[in-house]
Structures are given as structure tokens and as C-alpha cells.
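J.: Sharing target_26.cif (mmCIF, C-alpha atoms; chains and numbers go by the auth columns) below.
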data_data
#
loop_
_atom_site.group_PDB
_atom_site.id
_atom_site.type_symbol
_atom_site.label_atom_id
_atom_site.label_comp_id
_atom_site.label_asym_id
_atom_site.label_seq_id
_atom_site.Cartn_x
_atom_site.Cartn_y
_atom_site.Cartn_z
_atom_site.B_iso_or_equiv
_atom_site.auth_seq_id
_atom_site.auth_asym_id
ATOM 1 C CA MET A 1 16.029 -13.792 34.867 0.00 36 A
ATOM 2 C CA LYS A 2 12.784 -11.923 35.511 0.00 37 A
ATOM 3 C CA ARG A 3 14.734 -8.867 36.550 0.00 38 A
ATOM 4 C CA GLN A 4 16.775 -8.901 33.320 0.00 39 A
ATOM 5 C CA ILE A 5 13.630 -9.177 31.184 0.00 40 A
ATOM 6 C CA THR A 6 12.040 -6.314 33.107 0.00 41 A
ATOM 7 C CA LEU A 7 15.136 -4.131 32.694 0.00 42 A
ATOM 8 C CA LEU A 8 15.373 -4.995 28.986 0.00 43 A
ATOM 9 C CA SER A 9 11.679 -4.145 28.485 0.00 44 A
ATOM 10 C CA LEU A 10 12.089 -0.864 30.330 0.00 45 A
ATOM 11 C CA PHE A 11 15.171 -0.016 28.240 0.00 46 A
ATOM 12 C CA MET A 12 13.277 -0.745 24.998 0.00 47 A
ATOM 13 C CA MET A 13 10.320 1.448 26.069 0.00 48 A
ATOM 14 C CA VAL A 14 12.620 4.357 26.929 0.00 49 A
ATOM 15 C CA THR A 15 14.483 3.976 23.621 0.00 50 A
ATOM 16 C CA ALA A 16 11.224 3.848 21.635 0.00 51 A
ATOM 17 C CA THR A 17 9.971 6.972 23.383 0.00 52 A
ATOM 18 C CA LEU A 18 13.149 8.926 22.714 0.00 53 A
ATOM 19 C CA PHE A 19 13.332 8.049 19.018 0.00 54 A
ATOM 20 C CA SER A 20 9.648 8.077 18.130 0.00 55 A
ATOM 21 C CA CYS A 21 8.513 10.352 15.317 0.00 56 A
ATOM 22 C CA LYS A 22 7.220 13.788 16.101 0.00 57 A
ATOM 23 C CA LYS A 23 4.595 15.582 14.071 0.00 58 A
ATOM 24 C CA ASP A 24 6.097 18.172 11.749 0.00 59 A
ATOM 25 C CA GLU A 25 4.505 21.496 12.681 0.00 60 A
ATOM 26 C CA THR A 26 7.180 23.899 11.541 0.00 61 A
ATOM 27 C CA SER A 27 7.828 23.199 7.853 0.00 62 A
ATOM 28 C CA LEU A 28 5.986 25.207 5.211 0.00 63 A
ATOM 29 C CA LYS A 29 4.335 22.042 3.925 0.00 64 A
ATOM 30 C CA ALA A 30 2.973 21.186 7.365 0.00 65 A
ATOM 31 C CA ARG A 31 1.661 24.715 7.895 0.00 66 A
ATOM 32 C CA ILE A 32 -0.145 25.048 4.534 0.00 67 A
ATOM 33 C CA MET A 33 -1.516 21.509 4.537 0.00 68 A
ATOM 34 C CA GLY A 34 -5.300 21.256 4.685 0.00 69 A
ATOM 35 C CA LYS A 35 -8.341 22.902 3.174 0.00 70 A
ATOM 36 C CA TRP A 36 -8.436 26.684 2.655 0.00 71 A
ATOM 37 C CA THR A 37 -11.344 28.830 1.452 0.00 72 A
ATOM 38 C CA VAL A 38 -10.474 30.978 -1.568 0.00 73 A
ATOM 39 C CA ASN A 39 -11.699 34.522 -0.915 0.00 74 A
ATOM 40 C CA LYS A 40 -10.236 36.203 -3.965 0.00 75 A
ATOM 41 C CA ILE A 41 -7.547 35.923 -6.610 0.00 76 A
ATOM 42 C CA GLU A 42 -5.910 38.942 -8.221 0.00 77 A
ATOM 43 C CA VAL A 43 -4.729 38.130 -11.753 0.00 78 A
ATOM 44 C CA SER A 44 -2.360 40.165 -13.932 0.00 79 A
ATOM 45 C CA GLY A 45 -0.291 39.575 -17.046 0.00 80 A
ATOM 46 C CA ASN A 46 -2.915 37.942 -19.283 0.00 81 A
ATOM 47 C CA THR A 47 -2.901 39.035 -22.920 0.00 82 A
ATOM 48 C CA ASN A 48 -6.704 39.177 -22.759 0.00 83 A
ATOM 49 C CA PRO A 49 -7.530 42.162 -20.490 0.00 84 A
ATOM 50 C CA LEU A 50 -10.865 40.550 -19.497 0.00 85 A
ATOM 51 C CA GLN A 51 -8.922 37.792 -17.742 0.00 86 A
ATOM 52 C CA ASN A 52 -7.028 40.281 -15.555 0.00 87 A
ATOM 53 C CA GLY A 53 -8.395 41.803 -12.357 0.00 88 A
ATOM 54 C CA THR A 54 -9.754 40.749 -8.990 0.00 89 A
ATOM 55 C CA PHE A 55 -12.005 37.701 -8.905 0.00 90 A
ATOM 56 C CA ASN A 56 -14.054 37.139 -5.730 0.00 91 A
ATOM 57 C CA TYR A 57 -15.202 33.698 -4.658 0.00 92 A
ATOM 58 C CA THR A 58 -17.677 32.136 -2.220 0.00 93 A
ATOM 59 C CA MET A 59 -17.219 29.876 0.787 0.00 94 A
ATOM 60 C CA ASN A 60 -17.717 26.868 -1.549 0.00 95 A
ATOM 61 C CA ASP A 61 -14.476 27.641 -3.413 0.00 96 A
ATOM 62 C CA TYR A 62 -11.359 26.112 -1.921 0.00 97 A
ATOM 63 C CA ILE A 63 -7.824 24.887 -2.330 0.00 98 A
ATOM 64 C CA ASP A 64 -6.876 21.730 -0.460 0.00 99 A
ATOM 65 C CA PHE A 65 -3.224 20.852 0.108 0.00 100 A
ATOM 66 C CA LYS A 66 -3.586 17.138 0.791 0.00 101 A
ATOM 67 C CA ALA A 67 -1.489 15.147 3.239 0.00 102 A
ATOM 68 C CA ASN A 68 -1.200 12.073 1.019 0.00 103 A
ATOM 69 C CA GLU A 69 1.989 10.544 -0.365 0.00 104 A
ATOM 70 C CA ASP A 70 1.357 12.064 -3.819 0.00 105 A
ATOM 71 C CA ASP A 71 1.373 15.655 -2.471 0.00 106 A
ATOM 72 C CA GLN A 72 -1.840 16.441 -4.322 0.00 107 A
ATOM 73 C CA VAL A 73 -3.466 19.838 -4.330 0.00 108 A
ATOM 74 C CA GLU A 74 -7.124 20.241 -5.248 0.00 109 A
ATOM 75 C CA LEU A 75 -8.422 23.584 -6.515 0.00 110 A
ATOM 76 C CA SER A 76 -12.190 24.033 -6.730 0.00 111 A
ATOM 77 C CA LEU A 77 -13.420 27.334 -8.172 0.00 112 A
ATOM 78 C CA THR A 78 -17.031 27.945 -9.315 0.00 113 A
ATOM 79 C CA ASN A 79 -17.768 24.192 -9.222 0.00 114 A
ATOM 80 C CA GLN A 80 -14.781 23.316 -11.444 0.00 115 A
ATOM 81 C CA ARG A 81 -12.321 21.035 -9.714 0.00 116 A
ATOM 82 C CA THR A 82 -8.678 20.681 -10.788 0.00 117 A
ATOM 83 C CA ILE A 83 -6.167 18.252 -9.303 0.00 118 A
ATOM 84 C CA GLY A 84 -2.455 18.951 -9.303 0.00 119 A
ATOM 85 C CA THR A 85 0.612 18.429 -7.161 0.00 120 A
ATOM 86 C CA TYR A 86 2.659 20.664 -4.887 0.00 121 A
ATOM 87 C CA THR A 87 6.159 20.621 -3.464 0.00 122 A
ATOM 88 C CA ALA A 88 7.393 22.840 -0.687 0.00 123 A
ATOM 89 C CA SER A 89 10.992 23.950 -0.475 0.00 124 A
ATOM 90 C CA LEU A 90 12.924 25.667 2.260 0.00 125 A
ATOM 91 C CA GLY A 91 11.766 29.100 3.273 0.00 126 A
ATOM 92 C CA ASN A 92 8.476 30.520 2.007 0.00 127 A
ATOM 93 C CA ASP A 93 8.469 29.049 -1.503 0.00 128 A
ATOM 94 C CA PHE A 94 6.548 26.162 -3.003 0.00 129 A
ATOM 95 C CA ASN A 95 5.547 24.954 -6.458 0.00 130 A
ATOM 96 C CA MET A 96 2.183 23.812 -7.797 0.00 131 A
ATOM 97 C CA VAL A 97 1.657 21.906 -11.036 0.00 132 A
ATOM 98 C CA PHE A 98 -1.794 22.002 -12.662 0.00 133 A
ATOM 99 C CA PRO A 99 -2.823 21.219 -16.248 0.00 134 A
ATOM 100 C CA GLU A 100 -2.468 24.947 -17.081 0.00 135 A
ATOM 101 C CA GLY A 101 1.188 24.782 -16.115 0.00 136 A
ATOM 102 C CA SER A 102 3.626 25.046 -13.250 0.00 137 A
ATOM 103 C CA SER A 103 3.334 27.873 -10.753 0.00 138 A
ATOM 104 C CA TYR A 104 6.204 29.153 -8.655 0.00 139 A
ATOM 105 C CA CYS A 105 4.706 30.425 -5.404 0.00 140 A
ATOM 106 C CA THR A 106 5.957 32.690 -2.641 0.00 141 A
ATOM 107 C CA VAL A 107 4.062 32.993 0.640 0.00 142 A
ATOM 108 C CA SER A 108 3.603 36.532 1.934 0.00 143 A
ATOM 109 C CA VAL A 109 1.227 35.826 4.874 0.00 144 A
ATOM 110 C CA LEU A 110 0.800 32.567 6.773 0.00 145 A
ATOM 111 C CA SER A 111 -1.016 32.114 10.065 0.00 146 A
ATOM 112 C CA GLY A 112 -3.383 29.516 11.444 0.00 147 A
ATOM 113 C CA THR A 113 -6.322 31.173 9.687 0.00 148 A
ATOM 114 C CA GLN A 114 -4.839 33.124 6.783 0.00 149 A
ATOM 115 C CA LEU A 115 -2.666 32.262 3.770 0.00 150 A
ATOM 116 C CA GLU A 116 -1.642 34.669 1.028 0.00 151 A
ATOM 117 C CA PHE A 117 0.742 33.756 -1.743 0.00 152 A
ATOM 118 C CA THR A 118 1.769 34.944 -5.181 0.00 153 A
ATOM 119 C CA ALA A 119 1.980 32.397 -8.004 0.00 154 A
ATOM 120 C CA LYS A 120 3.907 33.074 -11.220 0.00 155 A
ATOM 121 C CA ILE A 121 2.843 30.690 -13.974 0.00 156 A
ATOM 122 C CA ASP A 122 5.836 29.225 -15.804 0.00 157 A
ATOM 123 C CA LYS A 123 6.601 30.448 -19.362 0.00 158 A
ATOM 124 C CA THR A 124 3.976 33.210 -19.152 0.00 159 A
ATOM 125 C CA ASN A 125 3.636 36.692 -17.704 0.00 160 A
ATOM 126 C CA ILE A 126 0.614 35.633 -15.631 0.00 161 A
ATOM 127 C CA VAL A 127 0.815 36.331 -11.910 0.00 162 A
ATOM 128 C CA LYS A 128 -1.936 35.322 -9.473 0.00 163 A
ATOM 129 C CA LYS A 129 -2.191 36.509 -5.882 0.00 164 A
ATOM 130 C CA TYR A 130 -4.292 34.140 -3.757 0.00 165 A
ATOM 131 C CA TYR A 131 -6.124 35.262 -0.589 0.00 166 A
ATOM 132 C CA LEU A 132 -7.187 32.260 1.509 0.00 167 A
ATOM 133 C CA THR A 133 -8.707 31.689 4.956 0.00 168 A
ATOM 134 C CA ARG A 134 -9.824 28.755 7.079 0.00 169 A
#
Re-express the file's structure as C-alpha cells.

T.:
Amino acid sequence: MKRQITLLSLFMMVTATLFSCKKDETSLKARIMGKWTVNKIEVSGNTNPLQNGTFNYTMNDYIDFKANEDDQVELSLTNQRTIGTYTASLGNDFNMVFPEGSSYCTVSVLSGTQLEFTAKIDKTNIVKKYYLTR
């Protein structure tokens, strides 16, 4: 009887090891997740020409793609914090939704320390190119 219990326990441990969850390190969501410093944002397409151009930021400005169940994204620029949501799709595309509207984003550069993406704001001609590091 002891031998059967031992074999059953060993079988259960092997099964649990084989089918245990692995951390997702390859999806776009997993690779962009976390806090990034915003270095600059290039804006074009605004009807007001003063709102177009390159805007540089400090090390206190960030975008944080959170790992919670709500898929929240926090954008903090010049001490103004905005909370939104993000969804990643297959490939290099993801969407962000902030109070100003939905942005359709395409990643152009993604490494462990650098993220660059272009965001087109829905129903406008506004395009923002984000340059981020960590």
C-alpha cells in the first residue's frame, strides 16, 4: 500500500510539473509591461500648430503598462497623471484608451531598454510618436 501511495504521489508531482504555467515572455503585452520613462513625444496633425512638434520630458515622466487584470496604463507627463486601458493584439500592434480617445499603436522598436511606438488617435488626424526607455 505504501508503495502505491508513493508511486501515485510521484506521478502527481511529475504531472504538475509538466502542466504548470510558464511565464509569458514572448507576447507583446509581456514585453511592454512595466514602467517606461518618456523621453520625448513627437506630435503631428493637430489643427493648432502650437500643439504640434517635439516635446521633451524628464526622468519623472513615465508610462506604466500595468500587469493587473484590468490592463491599465498610467501616463504621467509634467505631473499630470492619466489612467487608461490597453490591449495588445498579435504582432506589433496594441490599443490604448484614454479620456482623450482611443489610440491605435504600432511598435517600431522594442528591446529590454527601449520602446518606440506610433499612436494614431481615433477620429482625428493626430499622430504621436513615443520614445521610451527603462

J.: Separation of CA of Tyr166 (chain A) and CA of Cys140 (chain A), in Å?

T.: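 If I compute the distance from CA of Tyr166 (chain A) to CA of Cys140 (chain A), I get 12.8 Å.
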
J.: Please list as a PyMOL selection string every residue within 12 Å of Asn130 (chain A), counting only C-alpha atoms and excluding residues in the same chain fewer than 6 positions away.

T.: chain A and resi 63-64+100+106-108+119-124+136-142+152-157

J.: Could you tell me, as a list of chain:residue names, exactly which residues end up selected when the PyMOL selection byres ((chain A and resi 79-86) around 7) is applied to this structure?

T.: A:Glu77, A:Val78, A:Asn87, A:Gly88, A:Asn160, A:Ile161, A:Val162, A:Lys163

J.: Taking the file above as input, evaluate the PyMOL selection byres ((chain A and resi 68-73) around 9) and report the hits as a VMD selection string.

T.: chain A and resid 63 to 67 74 to 76 91 to 102 109 111 to 112 148 to 150 165 to 169

J.: Please list as a ChimeraX atom specification every residue within 12 Å of Thr61 (chain A), counting all atoms listed in the file and excluding residues in the same chain fewer than 6 positions away.

T.: /A:67-68,125-127,145-147

J.: To one decimal place in Å, what is the distance between CA of Lys164 (chain A) and CA of Phe90 (chain A)?

T.: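 Those two atoms sit 10.3 Å apart.
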
J.: So, with all atoms listed in the file as the atoms that count, which of A:Arg38, A:Asn103, A:Arg116, A:Glu151 lies closest to Pro134 (chain A)?

T.: A:Arg116

J.: Pick out the closest residue to Asp128 (chain A) from this set: A:Thr159, A:Thr89, A:Val144, A:Glu104. Count all atoms listed in the file.

T.: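 Looking only at the distances to Asp128 (chain A), the closest residue turns out to be A:Val144.
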
J.: Please return region 131-160 of chain A, rebuilt to N, CA and C atoms, as a tab-separated table (two decimals), in the frame of the given file.

T.:
chain	number	residue	atom	x	y	z
A	131	MET	N	3.40	24.55	-7.50
A	131	MET	CA	2.18	23.81	-7.80
A	131	MET	C	2.19	23.50	-9.29
A	132	VAL	N	1.75	22.30	-9.64
A	132	VAL	CA	1.66	21.91	-11.04
A	132	VAL	C	0.21	21.51	-11.32
A	133	PHE	N	-0.44	22.26	-12.20
A	133	PHE	CA	-1.79	22.00	-12.66
A	133	PHE	C	-1.74	21.82	-14.17
A	134	PRO	N	-2.83	21.35	-14.79
A	134	PRO	CA	-2.82	21.22	-16.25
A	134	PRO	C	-2.47	22.52	-16.99
A	135	GLU	N	-2.79	23.68	-16.41
A	135	GLU	CA	-2.47	24.95	-17.08
A	135	GLU	C	-0.99	25.27	-17.04
A	136	GLY	N	-0.24	24.57	-16.20
A	136	GLY	CA	1.19	24.78	-16.11
A	136	GLY	C	1.70	24.78	-14.69
A	137	SER	N	2.98	24.98	-14.56
A	137	SER	CA	3.63	25.05	-13.25
A	137	SER	C	3.55	26.46	-12.71
A	138	SER	N	3.35	26.57	-11.42
A	138	SER	CA	3.33	27.87	-10.75
A	138	SER	C	4.40	27.88	-9.68
A	139	TYR	N	5.19	28.95	-9.67
A	139	TYR	CA	6.20	29.15	-8.65
A	139	TYR	C	5.64	30.13	-7.64
A	140	CYS	N	5.46	29.68	-6.41
A	140	CYS	CA	4.71	30.42	-5.40
A	140	CYS	C	5.60	30.91	-4.27
A	141	THR	N	5.28	32.11	-3.79
A	141	THR	CA	5.96	32.69	-2.64
A	141	THR	C	4.90	33.15	-1.64
A	142	VAL	N	5.01	32.66	-0.42
A	142	VAL	CA	4.06	32.99	0.64
A	142	VAL	C	4.41	34.36	1.21
A	143	SER	N	3.39	35.22	1.32
A	143	SER	CA	3.60	36.53	1.93
A	143	SER	C	2.99	36.60	3.33
A	144	VAL	N	1.88	35.86	3.56
A	144	VAL	CA	1.23	35.83	4.87
A	144	VAL	C	0.85	34.38	5.17
A	145	LEU	N	1.19	33.91	6.36
A	145	LEU	CA	0.80	32.57	6.77
A	145	LEU	C	0.58	32.54	8.27
A	146	SER	N	-0.67	32.30	8.66
A	146	SER	CA	-1.02	32.11	10.06
A	146	SER	C	-1.95	30.91	10.14
A	147	GLY	N	-2.47	30.64	11.30
A	147	GLY	CA	-3.38	29.52	11.44
A	147	GLY	C	-4.67	29.68	10.66
A	148	THR	N	-5.05	30.92	10.37
A	148	THR	CA	-6.32	31.17	9.69
A	148	THR	C	-6.19	31.92	8.37
A	149	GLN	N	-5.00	32.31	7.99
A	149	GLN	CA	-4.84	33.12	6.78
A	149	GLN	C	-3.60	32.69	6.00
A	150	LEU	N	-3.78	32.59	4.67
A	150	LEU	CA	-2.67	32.26	3.77
A	150	LEU	C	-2.78	33.15	2.54
A	151	GLU	N	-1.72	33.86	2.24
A	151	GLU	CA	-1.64	34.67	1.03
A	151	GLU	C	-0.34	34.31	0.32
A	152	PHE	N	-0.46	34.05	-0.98
A	152	PHE	CA	0.74	33.76	-1.74
A	152	PHE	C	0.58	34.24	-3.17
A	153	THR	N	1.72	34.51	-3.80
A	153	THR	CA	1.77	34.94	-5.18
A	153	THR	C	2.31	33.80	-6.01
A	154	ALA	N	1.60	33.50	-7.12
A	154	ALA	CA	1.98	32.40	-8.00
A	154	ALA	C	2.29	32.95	-9.38
A	155	LYS	N	3.49	32.70	-9.86
A	155	LYS	CA	3.91	33.07	-11.22
A	155	LYS	C	3.83	31.82	-12.06
A	156	ILE	N	3.00	31.85	-13.11
A	156	ILE	CA	2.84	30.69	-13.97
A	156	ILE	C	4.02	30.62	-14.95
A	157	ASP	N	4.64	29.46	-15.00
A	157	ASP	CA	5.84	29.22	-15.80
A	157	ASP	C	5.59	29.53	-17.28
A	158	LYS	N	6.59	30.14	-17.92
A	158	LYS	CA	6.60	30.45	-19.36
A	158	LYS	C	5.49	31.41	-19.78
A	159	THR	N	4.98	32.19	-18.84
A	159	THR	CA	3.98	33.21	-19.15
A	159	THR	C	4.30	34.45	-18.32
A	160	ASN	N	3.53	35.49	-18.54
A	160	ASN	CA	3.64	36.69	-17.70
A	160	ASN	C	2.52	36.74	-16.67
